[in-house]
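A.B. asks: Contents of data-v5.tsv (TSV, C-alpha atoms) are given next:
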chain	number	residue	atom	x	y	z
A	1	MET	CA	348.46	227.09	107.39
A	2	ARG	CA	352.03	227.39	108.71
A	3	ASP	CA	351.89	223.84	110.07
A	4	ILE	CA	350.65	222.55	106.72
A	5	LEU	CA	353.56	224.26	104.96
A	6	LEU	CA	356.05	222.81	107.46
A	7	ARG	CA	354.71	219.33	106.88
A	8	ALA	CA	354.91	219.76	103.10
A	9	ARG	CA	358.46	221.04	103.34
A	10	ALA	CA	359.53	218.14	105.55
A	11	LEU	CA	357.91	215.67	103.18
A	12	VAL	CA	360.16	216.93	100.38
A	13	GLU	CA	363.33	217.38	102.41
A	14	LYS	CA	363.41	214.16	104.45
A	15	PRO	CA	364.16	211.73	101.55
A	16	LEU	CA	366.88	214.06	100.26
A	17	GLU	CA	368.48	214.33	103.70
A	18	ARG	CA	368.41	210.58	104.20
A	19	ARG	CA	370.13	209.97	100.85
A	20	GLY	CA	372.75	212.65	101.46
A	21	PHE	CA	371.57	214.88	98.64
A	22	LEU	CA	370.67	217.68	101.04
A	23	ARG	CA	373.53	218.44	103.39
A	24	ARG	CA	372.77	219.96	106.77
A	25	ALA	CA	376.25	220.81	108.05
A	26	HIS	CA	375.11	224.35	108.83
A	27	LEU	CA	372.50	223.15	111.32
A	28	ARG	CA	373.40	222.68	114.99
A	29	LEU	CA	372.28	219.15	115.75
A	30	PRO	CA	372.83	217.05	118.90
A	31	ASP	CA	376.17	215.51	119.76
A	32	PHE	CA	374.40	212.87	121.83
A	33	LEU	CA	371.01	211.28	122.44
A	34	GLY	CA	369.61	209.54	125.47
A	35	ILE	CA	367.53	206.78	123.90
A	36	GLY	CA	366.04	205.00	126.90
A	37	ALA	CA	365.00	202.66	128.17
A	38	GLN	CA	361.74	204.04	129.50
A	39	LYS	CA	361.58	203.78	133.32
A	40	ALA	CA	365.31	203.02	133.50
A	41	GLY	CA	366.70	206.33	134.77
A	42	THR	CA	366.48	208.73	131.83
A	43	THR	CA	364.87	211.51	133.87
A	44	TRP	CA	367.63	211.15	136.46
A	45	LEU	CA	370.20	211.36	133.65
A	46	HIS	CA	368.56	214.46	132.18
A	47	GLU	CA	368.62	216.25	135.54
A	48	GLN	CA	372.27	215.38	136.19
A	49	LEU	CA	373.49	216.46	132.75
A	50	ARG	CA	371.56	219.73	132.92
A	51	ALA	CA	373.81	220.66	135.84
A	52	HIS	CA	376.99	220.27	133.75
A	53	PRO	CA	378.40	223.58	132.45
A	54	ALA	CA	379.83	221.93	129.33
A	55	ILE	CA	376.56	220.30	128.29
A	56	HIS	CA	373.47	221.86	126.71
A	57	LEU	CA	370.10	220.18	127.04
A	58	PRO	CA	366.79	221.73	126.04
A	59	ALA	CA	364.68	222.69	129.03
A	60	ARG	CA	362.06	220.29	127.75
A	61	LYS	CA	362.93	216.61	128.07
A	62	GLU	CA	361.74	214.29	125.30
A	63	LEU	CA	361.56	216.31	122.10
A	64	HIS	CA	360.30	213.23	120.26
A	65	TYR	CA	361.64	214.55	116.99
A	66	PHE	CA	362.41	211.22	115.35
A	67	ASP	CA	358.98	209.78	116.13
A	68	ASP	CA	356.05	212.05	117.01
A	69	ASN	CA	357.49	215.24	115.49
A	70	PHE	CA	359.10	213.73	112.42
A	71	HIS	CA	356.68	215.64	110.22
A	72	ARG	CA	358.57	218.83	111.12
A	73	PRO	CA	361.65	220.00	109.17
A	74	LEU	CA	365.10	219.25	110.54
A	75	ARG	CA	365.68	222.96	111.12
A	76	TRP	CA	362.83	222.90	113.68
A	77	TYR	CA	364.78	220.29	115.62
A	78	ALA	CA	368.06	222.16	115.25
A	79	ALA	CA	366.51	225.31	116.74
A	80	HIS	CA	366.45	223.57	120.13
A	81	PHE	CA	370.27	223.47	120.13
A	82	ALA	CA	371.00	226.88	118.62
A	83	ASP	CA	372.21	228.26	121.96
A	84	ALA	CA	374.58	225.39	122.71
A	85	GLY	CA	377.69	227.20	121.53
A	86	ALA	CA	380.81	225.17	122.27
A	87	ARG	CA	378.97	222.94	124.74
A	88	ARG	CA	378.04	219.34	123.97
A	89	ALA	CA	374.43	219.40	122.86
A	90	GLY	CA	372.01	216.57	123.43
A	91	GLU	CA	368.49	215.49	124.25
A	92	ILE	CA	366.85	212.53	125.90
A	93	THR	CA	363.81	210.79	124.45
A	94	PRO	CA	363.35	207.16	125.60
A	95	ALA	CA	361.08	206.41	122.63
A	96	TYR	CA	364.13	206.52	120.37
A	97	ALA	CA	364.97	203.04	121.69
A	98	ILE	CA	362.14	201.61	119.58
A	99	LEU	CA	362.79	203.43	116.31
A	100	ASP	CA	362.64	201.14	113.30
A	101	ASP	CA	365.46	200.67	110.80
A	102	ALA	CA	364.15	203.21	108.31
A	103	ARG	CA	364.04	205.93	110.94
A	104	LEU	CA	367.46	204.94	112.32
A	105	ALA	CA	368.88	205.17	108.81
A	106	TYR	CA	367.70	208.77	108.73
A	107	VAL	CA	369.28	209.52	112.12
A	108	ALA	CA	372.56	208.07	110.87
A	109	ALA	CA	372.39	210.11	107.67
A	110	VAL	CA	371.92	213.48	109.36
A	111	MET	CA	373.96	212.78	112.53
A	112	PRO	CA	376.51	210.08	111.65
A	113	ARG	CA	378.74	210.84	114.65
A	114	VAL	CA	376.01	211.17	117.26
A	115	ARG	CA	376.58	209.25	120.48
A	116	ALA	CA	373.74	207.39	122.16
A	117	ILE	CA	373.21	206.43	125.80
A	118	PHE	CA	370.99	203.45	126.60
A	119	LEU	CA	370.18	202.55	130.20
A	120	MET	CA	368.75	199.11	130.95
A	121	ARG	CA	366.69	197.96	133.90
A	122	ASP	CA	365.54	194.60	135.21
A	123	PRO	CA	362.93	193.81	132.51
A	124	VAL	CA	360.30	192.64	135.00
A	125	GLU	CA	360.65	195.71	137.19
A	126	ARG	CA	360.74	198.02	134.16
A	127	ALA	CA	357.55	196.62	132.66
A	128	TRP	CA	355.68	196.85	135.97
A	129	SER	CA	356.89	200.42	136.49
A	130	GLN	CA	355.64	201.35	133.02
A	131	ALA	CA	352.25	199.80	133.74
A	132	VAL	CA	351.88	201.65	137.05
A	133	MET	CA	352.95	204.94	135.47
A	134	THR	CA	350.47	204.63	132.60
A	135	LEU	CA	347.45	203.02	134.23
A	136	VAL	CA	347.67	204.60	137.70
A	137	GLU	CA	349.84	207.71	137.86
A	138	GLN	CA	349.16	209.29	134.46
A	139	ALA	CA	345.52	208.24	134.53
A	140	ALA	CA	345.16	209.71	138.04
A	141	ARG	CA	343.43	206.55	139.29
A	142	GLU	CA	343.45	204.92	142.67
A	143	PRO	CA	345.58	201.75	142.48
A	144	SER	CA	342.74	199.62	143.79
A	145	THR	CA	340.53	200.60	140.83
A	146	VAL	CA	342.87	199.10	138.22
A	147	THR	CA	341.99	195.47	137.66
A	148	GLU	CA	344.39	192.63	137.11
A	149	ALA	CA	342.85	192.15	133.67
A	150	GLU	CA	343.74	195.75	132.76
A	151	PHE	CA	347.32	195.28	133.87
A	152	THR	CA	347.57	192.02	131.94
A	153	SER	CA	346.20	193.53	128.75
A	154	PHE	CA	348.54	196.50	129.00
A	155	LEU	CA	351.63	194.42	129.77
A	156	ARG	CA	351.00	192.15	126.82
A	157	SER	CA	350.52	195.01	124.36
A	158	PRO	CA	353.03	195.32	121.49
A	159	ALA	CA	354.18	198.73	122.76
A	160	VAL	CA	355.23	197.35	126.14
A	161	ARG	CA	356.89	194.32	124.56
A	162	LEU	CA	358.88	196.59	122.26
A	163	ARG	CA	359.99	198.83	125.13
A	164	GLY	CA	361.37	195.81	126.96
A	165	GLY	CA	363.23	194.39	123.98
A	166	PHE	CA	366.68	195.60	124.96
A	167	THR	CA	368.56	193.21	122.69
A	168	ARG	CA	366.45	194.36	119.75
A	169	THR	CA	367.28	198.02	120.53
A	170	ILE	CA	371.00	197.41	120.87
A	171	ASP	CA	371.18	195.37	117.68
A	172	ALA	CA	369.16	197.95	115.75
A	173	TRP	CA	371.35	200.87	116.80
A	174	ASN	CA	374.52	198.86	116.16
A	175	ARG	CA	373.38	198.21	112.61
A	176	HIS	CA	373.51	201.94	111.94
A	177	PHE	CA	376.24	203.22	114.26
A	178	PRO	CA	379.66	201.92	115.37
A	179	LYS	CA	379.55	200.16	118.72
A	180	ASP	CA	381.79	202.78	120.32
A	181	GLN	CA	379.05	205.36	119.73
A	182	LEU	CA	376.61	203.51	122.00
A	183	LEU	CA	377.06	203.58	125.77
A	184	LEU	CA	375.22	200.87	127.69
A	185	GLY	CA	374.43	201.45	131.35
A	186	PHE	CA	372.33	199.75	134.00
A	187	HIS	CA	369.72	201.07	136.36
A	188	ASP	CA	371.45	198.93	138.99
A	189	GLU	CA	374.50	201.22	138.67
A	190	LEU	CA	372.29	204.21	139.34
A	191	ARG	CA	371.07	202.60	142.55
A	192	ALA	CA	374.45	201.33	143.75
A	193	ASP	CA	376.93	204.01	142.63
A	194	PRO	CA	375.36	206.91	140.72
A	195	GLU	CA	378.60	208.93	140.77
A	196	ALA	CA	380.42	206.16	138.89
A	197	LEU	CA	377.65	205.87	136.31
A	198	LEU	CA	377.63	209.62	135.77
A	199	ALA	CA	381.42	209.60	135.40
A	200	ARG	CA	381.11	206.94	132.71
A	201	VAL	CA	378.60	209.11	130.89
A	202	THR	CA	380.68	212.29	131.01
A	203	ASP	CA	383.77	210.38	129.85
A	204	PHE	CA	381.74	208.95	126.97
A	205	LEU	CA	380.61	212.46	126.03
A	206	GLY	CA	384.14	213.83	126.19
A	207	VAL	CA	383.57	216.34	128.99
A	208	ASP	CA	385.21	216.70	132.37
A	209	PRO	CA	383.51	214.97	135.30
A	210	LEU	CA	381.49	217.23	137.51
A	211	PRO	CA	383.46	218.47	140.54
A	212	ARG	CA	380.64	217.22	142.73
A	213	TYR	CA	377.71	214.93	142.20
A	214	PRO	CA	374.66	217.12	141.50
A	215	LEU	CA	371.30	216.60	143.12
A	216	ARG	CA	372.72	214.14	145.64
A	217	GLY	CA	370.04	212.16	147.38
A	218	ARG	CA	367.30	213.33	145.04
A	219	ILE	CA	365.00	210.68	143.62
A	220	VAL	CA	363.53	211.80	140.31
A	221	PHE	CA	359.96	210.61	139.82
A	222	PRO	CA	360.12	207.79	142.39
A	223	GLY	CA	356.61	206.56	141.60
A	224	ILE	CA	354.04	205.33	144.07
A	225	GLY	CA	355.78	202.06	144.89
A	226	MET	CA	352.76	199.88	144.11
A	227	PRO	CA	353.40	196.20	144.94
A	228	MET	CA	353.37	193.79	142.01
A	229	PRO	CA	350.64	191.13	142.29
A	230	ASP	CA	351.86	187.52	142.22
A	231	ALA	CA	349.91	186.71	139.07
A	232	ILE	CA	351.38	189.70	137.22
A	233	ARG	CA	354.87	188.74	138.39
A	234	ALA	CA	354.41	185.21	137.05
A	235	LEU	CA	353.11	186.58	133.75
A	236	LEU	CA	356.05	188.93	133.28
A	237	VAL	CA	358.64	186.33	134.23
A	238	ARG	CA	357.16	183.91	131.72
A	239	ASP	CA	356.89	186.49	128.93
A	240	LEU	CA	360.33	188.00	129.49
A	241	ALA	CA	362.29	184.82	130.17
A	242	ASP	CA	363.90	184.60	126.74
A	243	GLU	CA	364.93	188.26	126.80
A	244	MET	CA	366.46	187.89	130.26
A	245	ARG	CA	368.42	184.81	129.20
A	246	ALA	CA	369.69	186.62	126.09
A	247	LEU	CA	370.77	189.64	128.13
A	248	ALA	CA	372.51	187.47	130.73
A	249	ASP	CA	374.39	185.54	128.04
A	250	ARG	CA	375.47	188.75	126.34
A	251	PHE	CA	376.37	190.97	129.29
A	252	GLY	CA	376.62	188.87	132.44
A	253	GLY	CA	376.93	191.06	135.53
A	254	HIS	CA	373.70	192.87	136.34
A	255	ALA	CA	371.85	191.03	133.58
A	256	GLU	CA	372.93	187.71	135.08
A	257	GLU	CA	371.54	188.89	138.42
A	258	TRP	CA	368.20	189.56	136.72
A	259	ARG	CA	368.14	186.04	135.33
A	260	ARG	CA	368.97	184.48	138.69
A	261	ARG	CA	366.42	186.66	140.46
A	262	TRP	CA	363.51	185.57	138.30
A	263	LEU	CA	364.54	182.30	136.66
A	264	GLY	CA	366.72	180.72	139.32
Could you quickly redo this structure as structure tokens?
C.D. replies:
Amino acid sequence: MRDILLRARALVEKPLERRGFLRRAHLRLPDFLGIGAQKAGTTWLHEQLRAHPAIHLPARKELHYFDDNFHRPLRWYAAHFADAGARRAGEITPAYAILDDARLAYVAAVMPRVRAIFLMRDPVERAWSQAVMTLVEQAAREPSTVTEAEFTSFLRSPAVRLRGGFTRTIDAWNRHFPKDQLLLGFHDELRADPEALLARVTDFLGVDPLPRYPLRGRIVFPGIGMPMPDAIRALLVRDLADEMRALADRFGGHAEEWRRRWLG
């Protein structure tokens, strides 16, 4: 019964909050969001920021408020940050990268000054990592039991395509928030110089850098390291070619390396 009442309340409140008729200044909402990309270092980021004394993150990563839990009232979400005090409050849910415009309009209405962190990864590697995580690791299957047809079907699903559409994510968030409220990082930075990437993040969030790099040498969820079959590699390169070219043209640097790596 309580859940039914919460859903009914949210159904009434959400349109009013989006239109600004119901102000929520009294609620403690996040100062920042980690919005993805999935399999691009968000768990690493969560673990590093949890070690910062000036940052508050819920113990649970991925609250999924703006997608799976959107039926709950905003005060349910705010309760996760009630103990933040003067610290910067935030949460990391990679699924926020694929929110549609209507949902992003709501985020902007209730948290107009929120800062967002988006980490990108080589699109081919990211897609393969997502497939292995879902079809092998989470399904608790032996790698040899997953057929090439299963991988192909999964990798061509709309959900995977959307997760790998980095330009779409960036453009969507920039339609609703000023560009200086979105920090773009690269998984390549995490591999090459994690301290520098973390320093960029803390500067973006307006907190002092950590006196030492936390969790040095720790790999968060490294995965099983399953080799990518040649046929799957060819499929992903073909399907992601336009996205890689667009990223390289827009950002150069690491994105240009991705294009050269797969497209020559």
A.B. asks: Here is a test: counting all atoms listed in the file, which residue of A:Ile170, A:Leu155, A:Val12, A:Leu263 is nearest to Ala127 (chain A)?
C.D. replies: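 Comparing A:Ile170, A:Leu155, A:Val12, A:Leu263 against Ala127 (chain A), the winner is A:Leu155.
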A.B. asks: Measuring between all atoms listed in the file, which one of A:Gln138, A:Thr43, A:Gln130, A:Thr167 shows the shortest distance to Phe151 (chain A)?
C.D. replies: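 Of all the options, A:Gln130 lies closest to Phe151 (chain A).
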A.B. asks: Could you pull the residues within 8 Å of Ala54 (chain A), counting only C-alpha atoms, minus those fewer than 3 positions along the same chain, as number ranges by chain?
C.D. replies: A: 86-88, 207
A.B. asks: CA of Ala40 (chain A) and CA of His187 (chain A) are how many Å apart?
C.D. replies: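 Result for CA of Ala40 (chain A) versus CA of His187 (chain A): 5.6 Å, one decimal.
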A.B. asks: Please identify all polymer residues within 12 Å of region 140-147 of chain A, counting all atoms listed in the file, omitting same-chain residues fewer than 2 positions from it, and present them as a list in words.
C.D. replies: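 The residues satisfying every condition are Ala131, Val132, Met133, Thr134, Leu135, Val136, Glu137, Gln138, Ala149, Glu150, Phe151, Thr152, Ser153, Phe154, Ile224, Gly225, Met226, Pro227, Met228, Pro229, Ala231 and Ile232 of chain A.
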A.B. asks: Could the residues in this selection be saved with C-alpha atoms as a PDB file, in the frame of the given file?
C.D. replies:
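Generated output (result39.pdb):
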ATOM      1  CA  ALA A 131     352.250 199.800 133.740  1.00  0.00           C
ATOM      2  CA  VAL A 132     351.880 201.650 137.050  1.00  0.00           C
ATOM      3  CA  MET A 133     352.950 204.940 135.470  1.00  0.00           C
ATOM      4  CA  THR A 134     350.470 204.630 132.600  1.00  0.00           C
ATOM      5  CA  LEU A 135     347.450 203.020 134.230  1.00  0.00           C
ATOM      6  CA  VAL A 136     347.670 204.600 137.700  1.00  0.00           C
ATOM      7  CA  GLU A 137     349.840 207.710 137.860  1.00  0.00           C
ATOM      8  CA  GLN A 138     349.160 209.290 134.460  1.00  0.00           C
ATOM      9  CA  ALA A 149     342.850 192.150 133.670  1.00  0.00           C
ATOM     10  CA  GLU A 150     343.740 195.750 132.760  1.00  0.00           C
ATOM     11  CA  PHE A 151     347.320 195.280 133.870  1.00  0.00           C
ATOM     12  CA  THR A 152     347.570 192.020 131.940  1.00  0.00           C
ATOM     13  CA  SER A 153     346.200 193.530 128.750  1.00  0.00           C
ATOM     14  CA  PHE A 154     348.540 196.500 129.000  1.00  0.00           C
ATOM     15  CA  ILE A 224     354.040 205.330 144.070  1.00  0.00           C
ATOM     16  CA  GLY A 225     355.780 202.060 144.890  1.00  0.00           C
ATOM     17  CA  MET A 226     352.760 199.880 144.110  1.00  0.00           C
ATOM     18  CA  PRO A 227     353.400 196.200 144.940  1.00  0.00           C
ATOM     19  CA  MET A 228     353.370 193.790 142.010  1.00  0.00           C
ATOM     20  CA  PRO A 229     350.640 191.130 142.290  1.00  0.00           C
ATOM     21  CA  ALA A 231     349.910 186.710 139.070  1.00  0.00           C
ATOM     22  CA  ILE A 232     351.380 189.700 137.220  1.00  0.00           C
TER      23      ILE A 232
END
A.B. asks: Write out, as a Markdown table, each residue of region 134-221 of chain A that has an atom at most 12 Å from region 245-258 of chain A, together with the closest pair of atoms and their distance in Å to one decimal, counting only C-alpha atoms, rows going by chain and rising number.
C.D. replies:
| residue | atom | partner | partner_atom | distance |
| --- | --- | --- | --- | --- |
| A:Gly164 | CA | A:Leu247 | CA | 11.3 |
| A:Gly165 | CA | A:Leu247 | CA | 9.8 |
| A:Phe166 | CA | A:Leu247 | CA | 7.9 |
| A:Thr167 | CA | A:Leu247 | CA | 6.9 |
| A:Arg168 | CA | A:Ala246 | CA | 10.5 |
| A:Thr169 | CA | A:Leu247 | CA | 11.8 |
| A:Ile170 | CA | A:Leu247 | CA | 10.6 |
| A:Asp171 | CA | A:Arg250 | CA | 11.7 |
| A:Leu184 | CA | A:Phe251 | CA | 10.1 |
| A:Gly185 | CA | A:His254 | CA | 10.0 |
| A:Phe186 | CA | A:His254 | CA | 7.4 |
| A:His187 | CA | A:His254 | CA | 9.1 |
| A:Asp188 | CA | A:His254 | CA | 7.0 |
| A:Glu189 | CA | A:His254 | CA | 8.7 |
| A:Leu190 | CA | A:His254 | CA | 11.8 |
| A:Arg191 | CA | A:His254 | CA | 11.8 |
| A:Ala192 | CA | A:His254 | CA | 11.3 |
A.B. asks: Find, counting only C-alpha atoms, the residue in A:Lys61, A:Ala79, A:Pro15, A:Ala10 that gets nearest to Leu27 (chain A).
C.D. replies: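 Once distances to Leu27 (chain A) are computed over only C-alpha atoms, the minimum belongs to A:Ala79.
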A.B. asks: Kindly assemble as a Markdown table a list of the region 9-39 of chain A residues that lie within 9 Å of region 101-122 of chain A, each paired with its nearest atom pair and their distance in Å to one decimal, using only C-alpha atoms, sorted first by chain and then by ascending residue number.
C.D. replies:
| residue | atom | partner | partner_atom | distance |
| --- | --- | --- | --- | --- |
| A:Lys14 | CA | A:Tyr106 | CA | 8.1 |
| A:Pro15 | CA | A:Tyr106 | CA | 8.5 |
| A:Glu17 | CA | A:Val110 | CA | 6.7 |
| A:Arg18 | CA | A:Tyr106 | CA | 4.9 |
| A:Arg19 | CA | A:Ala109 | CA | 7.2 |
| A:Gly20 | CA | A:Ala109 | CA | 6.7 |
| A:Arg23 | CA | A:Val110 | CA | 7.9 |
| A:Arg24 | CA | A:Val110 | CA | 7.0 |
| A:Ala25 | CA | A:Val110 | CA | 8.6 |
| A:Leu29 | CA | A:Met111 | CA | 7.3 |
| A:Pro30 | CA | A:Val114 | CA | 6.9 |
| A:Asp31 | CA | A:Val114 | CA | 5.0 |
| A:Phe32 | CA | A:Arg115 | CA | 4.4 |
| A:Leu33 | CA | A:Ala116 | CA | 4.8 |
| A:Gly34 | CA | A:Ile117 | CA | 4.8 |
| A:Ile35 | CA | A:Phe118 | CA | 5.5 |
| A:Gly36 | CA | A:Phe118 | CA | 5.2 |
| A:Ala37 | CA | A:Leu119 | CA | 5.6 |
| A:Gln38 | CA | A:Leu119 | CA | 8.6 |
| A:Lys39 | CA | A:Arg121 | CA | 7.8 |
